[in-house]
Amino acid sequence: MILKEVIFADWDVSPSIVAFSTIRLGGVSESPFASFNLATHVGDDLYRVESNRALLKELLPQQLEWQWLDQVHGDAVAVVNKAGPALAADAMLTTRENLVCCVQTADCLPLFVAAVDGTEVAVIHAGWKGLVSGVIENTILRMSTSASSLAVHLGPSIGPCHFEVGAEVRDCFLAAAGSASLVLATQACFVCSKNPEKYMADLYAIASLKLSSLGIDKVSGGDYCTHCDDDKFFSYRRDGVTGRMLNAIYIEA
Ligand SMILES: [Zn+2]
């Protein structure tokens with residue numbers, strides 16, 4: 001029943017790739033974590049979080065192993081061959097079957113990455129700090145698959161309708177852009193807000209620009225705003241204390 005309510009990545013890759021984002025419905029956590037919170041670090045009752053994780057695992061093949069991250073808004077990538085305790089990183093990749101790569105989000109951008117032939121997968125947690133520091137570039141460069149054989153699906157994040165940032169955030173991105181043409185393209189990802197010295201930032205567009213620069217042209221997703229859709233999504237910007245959605249990818253054996 002819950003699985004009907006997750007959002008599967010809609011992309012053109014091998015059917016052996018399973019990638020989905022959970023929504024906030026269908027769990028046992030109470031407000032402000034109601035109800036399908038999957039994160040242990042946000043102040044929710046740990047028994048309820050474990051119950052939610054168990055609900056999800058029951059609906060998926062039992063032989064799956066789950067690898068979680070302690071996300072720190074950095075650029076570290078974990079290369080994983082077997083599941084273990086949570087790793088301090090903001091991205092993870094594997095070539096192993098049945099190993100579920102997990103990141104948790106509530107506004108930050110989750111990216112699913114897959115070799116189109118189904119041999120390698122990755123997942124990335126990209127907030128603005130991670131995007132500036134190069135977490136996408138680091139992940140793609142660590143993968144064995146060439147960029148032309150990778151596809152990327154952008155999971156639910158806060159949209160440009162709601163992600164207001166200061167001029168200093170935009171300046172960080174402009175300073176990190178490698179060429180005059182990239183500076184221009186990056187500027188286009190920030191639209192003046194109605195508030196002075198503020199901009200509305202488009203995480204989907206920033207990520208797409210980076211992927212294009214890396215030679216990845218198979219990019220899909222970017223269809224949601226977690227802040228707009230209170231019924232479906234947790235949003236840190238909207239609610240402060242709140243739960244996290246899970247973004248999971250694995251290669252089915
Ligand atoms: Zn919005």
# chains A, B, ... in the order shown; residues from 1 in each chain; ligands from 1

$ closest_atom_pairs --of "chain A" --to "ligand 1" --cutoff "8 Å" --atoms "only C-alpha atoms and all ligand atoms" --output "JSON lines"
{"residue": "A:Ile158", "atom": "CA", "partner": "ligand 1", "partner_atom_place_in_ligand_line": "1 (Zn)", "distance": 6.2}
{"residue": "A:Gly159", "atom": "CA", "partner": "ligand 1", "partner_atom_place_in_ligand_line": "1 (Zn)", "distance": 4.9}
{"residue": "A:Pro160", "atom": "CA", "partner": "ligand 1", "partner_atom_place_in_ligand_line": "1 (Zn)", "distance": 6.6}
{"residue": "A:Cys161", "atom": "CA", "partner": "ligand 1", "partner_atom_place_in_ligand_line": "1 (Zn)", "distance": 4.3}
{"residue": "A:His162", "atom": "CA", "partner": "ligand 1", "partner_atom_place_in_ligand_line": "1 (Zn)", "distance": 4.4}
{"residue": "A:Phe163", "atom": "CA", "partner": "ligand 1", "partner_atom_place_in_ligand_line": "1 (Zn)", "distance": 7.5}
{"residue": "A:Tyr224", "atom": "CA", "partner": "ligand 1", "partner_atom_place_in_ligand_line": "1 (Zn)", "distance": 8.0}
{"residue": "A:Cys225", "atom": "CA", "partner": "ligand 1", "partner_atom_place_in_ligand_line": "1 (Zn)", "distance": 4.7}
{"residue": "A:Thr226", "atom": "CA", "partner": "ligand 1", "partner_atom_place_in_ligand_line": "1 (Zn)", "distance": 6.6}
{"residue": "A:His227", "atom": "CA", "partner": "ligand 1", "partner_atom_place_in_ligand_line": "1 (Zn)", "distance": 4.9}
{"residue": "A:Cys228", "atom": "CA", "partner": "ligand 1", "partner_atom_place_in_ligand_line": "1 (Zn)", "distance": 4.0}
{"residue": "A:Asp229", "atom": "CA", "partner": "ligand 1", "partner_atom_place_in_ligand_line": "1 (Zn)", "distance": 7.4}

$ residues_around --residues "region 32-38 of chain A" --least-positions-apart "4" --cutoff "8 Å" --atoms "only C-alpha atoms" --output "VMD selection string"
chain A and resid 23 to 28 44 49 to 50 52 to 53 104 241 to 246

$ closest_residue --among "A:Thr22, A:Gly178, A:Gly43, A:Leu111" --to "Gly240 (chain A)" --atoms "only C-alpha atoms"
A:Gly43

$ closest_residue --among "A:Glu58, A:Glu197, A:Gly222, A:Thr94" --to "Gly118 (chain A)" --atoms "only C-alpha atoms"
A:Thr94

$ residues_around --residues "Ser235 (chain A)" --least-positions-apart "2" --cutoff "6 Å" --atoms "only C-alpha atoms" --output "PDB file with N, CA and C atoms, in the first residue's frame"
ATOM      1  N   ALA A 106      14.564  16.980   2.824  1.00  0.00           N
ATOM      2  CA  ALA A 106      13.335  17.734   3.050  1.00  0.00           C
ATOM      3  C   ALA A 106      13.599  19.138   2.499  1.00  0.00           C
ATOM      4  N   ASP A 107      13.709  19.269   1.216  1.00  0.00           N
ATOM      5  CA  ASP A 107      13.984  20.488   0.421  1.00  0.00           C
ATOM      6  C   ASP A 107      15.247  20.361  -0.409  1.00  0.00           C
ATOM      7  N   THR A 226       8.835  20.815  -2.873  1.00  0.00           N
ATOM      8  CA  THR A 226       8.515  20.242  -1.568  1.00  0.00           C
ATOM      9  C   THR A 226       7.826  21.266  -0.662  1.00  0.00           C
ATOM     10  N   HIS A 227       8.152  22.545  -0.843  1.00  0.00           N
ATOM     11  CA  HIS A 227       7.554  23.607  -0.024  1.00  0.00           C
ATOM     12  C   HIS A 227       6.096  23.829  -0.413  1.00  0.00           C
ATOM     13  N   ARG A 237      12.411  24.269   5.000  1.00  0.00           N
ATOM     14  CA  ARG A 237      12.251  25.717   4.866  1.00  0.00           C
ATOM     15  C   ARG A 237      10.858  26.158   5.345  1.00  0.00           C
ATOM     16  N   ARG A 238       9.875  25.338   5.082  1.00  0.00           N
ATOM     17  CA  ARG A 238       8.495  25.676   5.444  1.00  0.00           C
ATOM     18  C   ARG A 238       8.223  25.450   6.924  1.00  0.00           C
ATOM     19  N   ASP A 239       8.717  24.316   7.468  1.00  0.00           N
ATOM     20  CA  ASP A 239       8.276  23.880   8.791  1.00  0.00           C
ATOM     21  C   ASP A 239       9.370  23.848   9.861  1.00  0.00           C
TER      22      ASP A 239
END

$ select_by_dssp --residues "region 21-227 of chain A" --states "strand (DSSP E)" --output "VMD selection string"
chain A and resid 21 65 to 67 69 to 70 77 to 79 87 to 88 91 to 94 99 to 105 109 to 115 121 to 126 150 to 154 164 to 166 190 to 192 198 to 201 218 to 221

$ residues_around --residues "region 68-73 of chain A" --least-positions-apart "5" --cutoff "6 Å" --atoms "only C-alpha atoms" --output "ChimeraX atom specification"
/A:86-90,102,130

$ select_by_dssp --residues "region 37-169 of chain A" --states "alpha helix (DSSP H)" --output "MDAnalysis selection string"
chainID A and resid 46:58 128:133 135:142 167:169

$ closest_residue --among "A:Ile249, A:Ile124, A:Val113, A:Val132" --to "Thr145 (chain A)" --atoms "only C-alpha atoms"
A:Val113

$ residues_around --residues "Leu131 (chain A)" --least-positions-apart "2" --cutoff "9 Å" --atoms "only C-alpha atoms" --output "number ranges by chain"
A: 73-75, 126-129, 133-137, 173, 203, 206-207, 210

$ write_last_selection --atoms "N, CA and C atoms" --output "short mmCIF file (atom, residue, chain, number, x, y, z; two decimals), in the first residue's frame"
data_model
loop_
_atom_site.label_atom_id
_atom_site.label_comp_id
_atom_site.auth_asym_id
_atom_site.auth_seq_id
_atom_site.Cartn_x
_atom_site.Cartn_y
_atom_site.Cartn_z
N HIS A 73 26.25 18.01 4.27
CA HIS A 73 26.30 19.10 3.29
C HIS A 73 27.72 19.31 2.76
N GLY A 74 28.44 18.21 2.59
CA GLY A 74 29.79 18.27 2.06
C GLY A 74 29.85 17.70 0.65
N ASP A 75 31.07 17.30 0.25
CA ASP A 75 31.24 16.79 -1.12
C ASP A 75 31.78 15.36 -1.15
N ALA A 126 22.02 16.94 -2.47
CA ALA A 126 22.60 18.20 -2.93
C ALA A 126 21.78 19.38 -2.44
N GLY A 127 22.23 19.98 -1.35
CA GLY A 127 21.75 21.30 -0.98
C GLY A 127 22.64 22.32 -1.66
N TRP A 128 22.45 23.60 -1.38
CA TRP A 128 23.24 24.58 -2.13
C TRP A 128 24.72 24.47 -1.78
N LYS A 129 25.05 24.15 -0.53
CA LYS A 129 26.47 24.04 -0.16
C LYS A 129 27.14 22.88 -0.88
N SER A 133 30.19 23.02 -3.56
CA SER A 133 31.46 22.35 -3.28
C SER A 133 31.74 21.20 -4.25
N GLY A 134 30.78 20.84 -5.09
CA GLY A 134 31.07 19.89 -6.15
C GLY A 134 30.66 18.46 -5.88
N VAL A 135 29.62 18.26 -5.07
CA VAL A 135 29.23 16.87 -4.76
C VAL A 135 28.75 16.13 -6.01
N ILE A 136 28.11 16.85 -6.93
CA ILE A 136 27.68 16.17 -8.17
C ILE A 136 28.89 15.76 -9.00
N GLU A 137 29.81 16.72 -9.21
CA GLU A 137 31.01 16.43 -10.02
C GLU A 137 31.81 15.28 -9.40
N PHE A 173 28.07 30.59 -6.15
CA PHE A 173 27.92 29.82 -7.39
C PHE A 173 28.64 30.50 -8.56
N LEU A 203 17.31 25.04 -7.97
CA LEU A 203 18.24 23.92 -7.76
C LEU A 203 18.23 22.95 -8.94
N ILE A 206 20.32 24.49 -11.68
CA ILE A 206 21.75 24.47 -11.34
C ILE A 206 22.31 23.07 -11.54
N ALA A 207 21.58 22.07 -11.05
CA ALA A 207 22.04 20.68 -11.19
C ALA A 207 22.10 20.28 -12.67
N LYS A 210 25.17 21.66 -14.30
CA LYS A 210 26.38 20.91 -13.93
C LYS A 210 26.43 19.58 -14.69
#

$ decode --residues "region 188-224 of chain A" --atoms "N, CA and C atoms" --output "PDB file, in the first residue's frame"
ATOM      1  N   ALA A 188      21.439  32.746 -14.881  1.00  0.00           N
ATOM      2  CA  ALA A 188      20.058  32.487 -15.305  1.00  0.00           C
ATOM      3  C   ALA A 188      19.318  31.566 -14.328  1.00  0.00           C
ATOM      4  N   CYS A 189      20.057  30.898 -13.434  1.00  0.00           N
ATOM      5  CA  CYS A 189      19.431  30.020 -12.434  1.00  0.00           C
ATOM      6  C   CYS A 189      18.939  30.808 -11.217  1.00  0.00           C
ATOM      7  N   PHE A 190      19.195  32.097 -11.190  1.00  0.00           N
ATOM      8  CA  PHE A 190      18.797  32.958 -10.061  1.00  0.00           C
ATOM      9  C   PHE A 190      17.979  34.127 -10.593  1.00  0.00           C
ATOM     10  N   VAL A 191      16.745  34.245 -10.110  1.00  0.00           N
ATOM     11  CA  VAL A 191      15.869  35.335 -10.545  1.00  0.00           C
ATOM     12  C   VAL A 191      15.675  36.268  -9.349  1.00  0.00           C
ATOM     13  N   CYS A 192      15.669  37.570  -9.604  1.00  0.00           N
ATOM     14  CA  CYS A 192      15.506  38.528  -8.510  1.00  0.00           C
ATOM     15  C   CYS A 192      14.220  38.249  -7.738  1.00  0.00           C
ATOM     16  N   SER A 193      14.329  38.242  -6.419  1.00  0.00           N
ATOM     17  CA  SER A 193      13.161  38.090  -5.555  1.00  0.00           C
ATOM     18  C   SER A 193      12.468  39.438  -5.416  1.00  0.00           C
ATOM     19  N   LYS A 194      11.281  39.421  -4.830  1.00  0.00           N
ATOM     20  CA  LYS A 194      10.622  40.689  -4.542  1.00  0.00           C
ATOM     21  C   LYS A 194      11.306  41.401  -3.366  1.00  0.00           C
ATOM     22  N   ASN A 195      12.142  40.679  -2.637  1.00  0.00           N
ATOM     23  CA  ASN A 195      12.895  41.265  -1.525  1.00  0.00           C
ATOM     24  C   ASN A 195      14.274  41.728  -2.009  1.00  0.00           C
ATOM     25  N   PRO A 196      14.737  42.884  -1.527  1.00  0.00           N
ATOM     26  CA  PRO A 196      16.017  43.406  -1.989  1.00  0.00           C
ATOM     27  C   PRO A 196      17.172  42.475  -1.620  1.00  0.00           C
ATOM     28  N   GLU A 197      18.167  42.375  -2.511  1.00  0.00           N
ATOM     29  CA  GLU A 197      19.370  41.568  -2.269  1.00  0.00           C
ATOM     30  C   GLU A 197      19.077  40.083  -2.125  1.00  0.00           C
ATOM     31  N   LYS A 198      17.894  39.661  -2.572  1.00  0.00           N
ATOM     32  CA  LYS A 198      17.541  38.237  -2.497  1.00  0.00           C
ATOM     33  C   LYS A 198      17.234  37.720  -3.897  1.00  0.00           C
ATOM     34  N   TYR A 199      17.440  36.411  -4.057  1.00  0.00           N
ATOM     35  CA  TYR A 199      17.181  35.764  -5.342  1.00  0.00           C
ATOM     36  C   TYR A 199      16.384  34.484  -5.121  1.00  0.00           C
ATOM     37  N   MET A 200      15.600  34.113  -6.129  1.00  0.00           N
ATOM     38  CA  MET A 200      14.929  32.829  -6.126  1.00  0.00           C
ATOM     39  C   MET A 200      15.831  31.860  -6.910  1.00  0.00           C
ATOM     40  N   ALA A 201      16.325  30.843  -6.201  1.00  0.00           N
ATOM     41  CA  ALA A 201      17.301  29.931  -6.811  1.00  0.00           C
ATOM     42  C   ALA A 201      16.607  28.673  -7.326  1.00  0.00           C
ATOM     43  N   ASP A 202      17.048  28.203  -8.476  1.00  0.00           N
ATOM     44  CA  ASP A 202      16.470  27.017  -9.110  1.00  0.00           C
ATOM     45  C   ASP A 202      17.475  25.861  -9.009  1.00  0.00           C
ATOM     46  N   LEU A 203      17.310  25.040  -7.970  1.00  0.00           N
ATOM     47  CA  LEU A 203      18.237  23.920  -7.758  1.00  0.00           C
ATOM     48  C   LEU A 203      18.227  22.948  -8.938  1.00  0.00           C
ATOM     49  N   TYR A 204      17.035  22.732  -9.499  1.00  0.00           N
ATOM     50  CA  TYR A 204      16.947  21.812 -10.648  1.00  0.00           C
ATOM     51  C   TYR A 204      17.778  22.337 -11.823  1.00  0.00           C
ATOM     52  N   ALA A 205      17.685  23.635 -12.071  1.00  0.00           N
ATOM     53  CA  ALA A 205      18.425  24.217 -13.199  1.00  0.00           C
ATOM     54  C   ALA A 205      19.926  24.206 -12.931  1.00  0.00           C
ATOM     55  N   ILE A 206      20.318  24.490 -11.680  1.00  0.00           N
ATOM     56  CA  ILE A 206      21.746  24.473 -11.337  1.00  0.00           C
ATOM     57  C   ILE A 206      22.308  23.067 -11.541  1.00  0.00           C
ATOM     58  N   ALA A 207      21.578  22.065 -11.045  1.00  0.00           N
ATOM     59  CA  ALA A 207      22.037  20.682 -11.193  1.00  0.00           C
ATOM     60  C   ALA A 207      22.098  20.285 -12.666  1.00  0.00           C
ATOM     61  N   SER A 208      21.092  20.668 -13.429  1.00  0.00           N
ATOM     62  CA  SER A 208      21.061  20.313 -14.853  1.00  0.00           C
ATOM     63  C   SER A 208      22.239  20.931 -15.590  1.00  0.00           C
ATOM     64  N   LEU A 209      22.576  22.161 -15.228  1.00  0.00           N
ATOM     65  CA  LEU A 209      23.720  22.837 -15.843  1.00  0.00           C
ATOM     66  C   LEU A 209      25.014  22.085 -15.554  1.00  0.00           C
ATOM     67  N   LYS A 210      25.172  21.658 -14.303  1.00  0.00           N
ATOM     68  CA  LYS A 210      26.378  20.909 -13.932  1.00  0.00           C
ATOM     69  C   LYS A 210      26.434  19.576 -14.688  1.00  0.00           C
ATOM     70  N   LEU A 211      25.296  18.898 -14.782  1.00  0.00           N
ATOM     71  CA  LEU A 211      25.268  17.604 -15.463  1.00  0.00           C
ATOM     72  C   LEU A 211      25.600  17.765 -16.940  1.00  0.00           C
ATOM     73  N   SER A 212      25.073  18.811 -17.542  1.00  0.00           N
ATOM     74  CA  SER A 212      25.360  19.088 -18.939  1.00  0.00           C
ATOM     75  C   SER A 212      26.856  19.344 -19.137  1.00  0.00           C
ATOM     76  N   SER A 213      27.453  20.100 -18.220  1.00  0.00           N
ATOM     77  CA  SER A 213      28.898  20.375 -18.301  1.00  0.00           C
ATOM     78  C   SER A 213      29.717  19.096 -18.185  1.00  0.00           C
ATOM     79  N   LEU A 214      29.168  18.115 -17.466  1.00  0.00           N
ATOM     80  CA  LEU A 214      29.867  16.836 -17.287  1.00  0.00           C
ATOM     81  C   LEU A 214      29.640  15.881 -18.460  1.00  0.00           C
ATOM     82  N   GLY A 215      28.796  16.281 -19.407  1.00  0.00           N
ATOM     83  CA  GLY A 215      28.546  15.445 -20.578  1.00  0.00           C
ATOM     84  C   GLY A 215      27.370  14.497 -20.418  1.00  0.00           C
ATOM     85  N   ILE A 216      26.507  14.780 -19.420  1.00  0.00           N
ATOM     86  CA  ILE A 216      25.330  13.931 -19.218  1.00  0.00           C
ATOM     87  C   ILE A 216      24.118  14.634 -19.817  1.00  0.00           C
ATOM     88  N   ASP A 217      23.528  14.016 -20.842  1.00  0.00           N
ATOM     89  CA  ASP A 217      22.377  14.664 -21.475  1.00  0.00           C
ATOM     90  C   ASP A 217      21.055  13.952 -21.176  1.00  0.00           C
ATOM     91  N   LYS A 218      21.133  12.794 -20.531  1.00  0.00           N
ATOM     92  CA  LYS A 218      19.897  12.080 -20.180  1.00  0.00           C
ATOM     93  C   LYS A 218      19.482  12.482 -18.760  1.00  0.00           C
ATOM     94  N   VAL A 219      18.744  13.576 -18.667  1.00  0.00           N
ATOM     95  CA  VAL A 219      18.334  14.118 -17.365  1.00  0.00           C
ATOM     96  C   VAL A 219      16.817  14.255 -17.356  1.00  0.00           C
ATOM     97  N   SER A 220      16.191  13.745 -16.293  1.00  0.00           N
ATOM     98  CA  SER A 220      14.732  13.823 -16.177  1.00  0.00           C
ATOM     99  C   SER A 220      14.368  14.280 -14.768  1.00  0.00           C
ATOM    100  N   GLY A 221      13.077  14.465 -14.528  1.00  0.00           N
ATOM    101  CA  GLY A 221      12.605  14.826 -13.194  1.00  0.00           C
ATOM    102  C   GLY A 221      12.575  16.331 -12.985  1.00  0.00           C
ATOM    103  N   GLY A 222      12.611  16.737 -11.709  1.00  0.00           N
ATOM    104  CA  GLY A 222      12.525  18.164 -11.390  1.00  0.00           C
ATOM    105  C   GLY A 222      11.099  18.678 -11.471  1.00  0.00           C
ATOM    106  N   ASP A 223      10.154  17.833 -11.088  1.00  0.00           N
ATOM    107  CA  ASP A 223       8.744  18.150 -11.305  1.00  0.00           C
ATOM    108  C   ASP A 223       8.016  18.676 -10.070  1.00  0.00           C
ATOM    109  N   TYR A 224       8.691  18.747  -8.932  1.00  0.00           N
ATOM    110  CA  TYR A 224       7.963  19.046  -7.702  1.00  0.00           C
ATOM    111  C   TYR A 224       8.578  20.233  -6.971  1.00  0.00           C
TER     112      TYR A 224
END
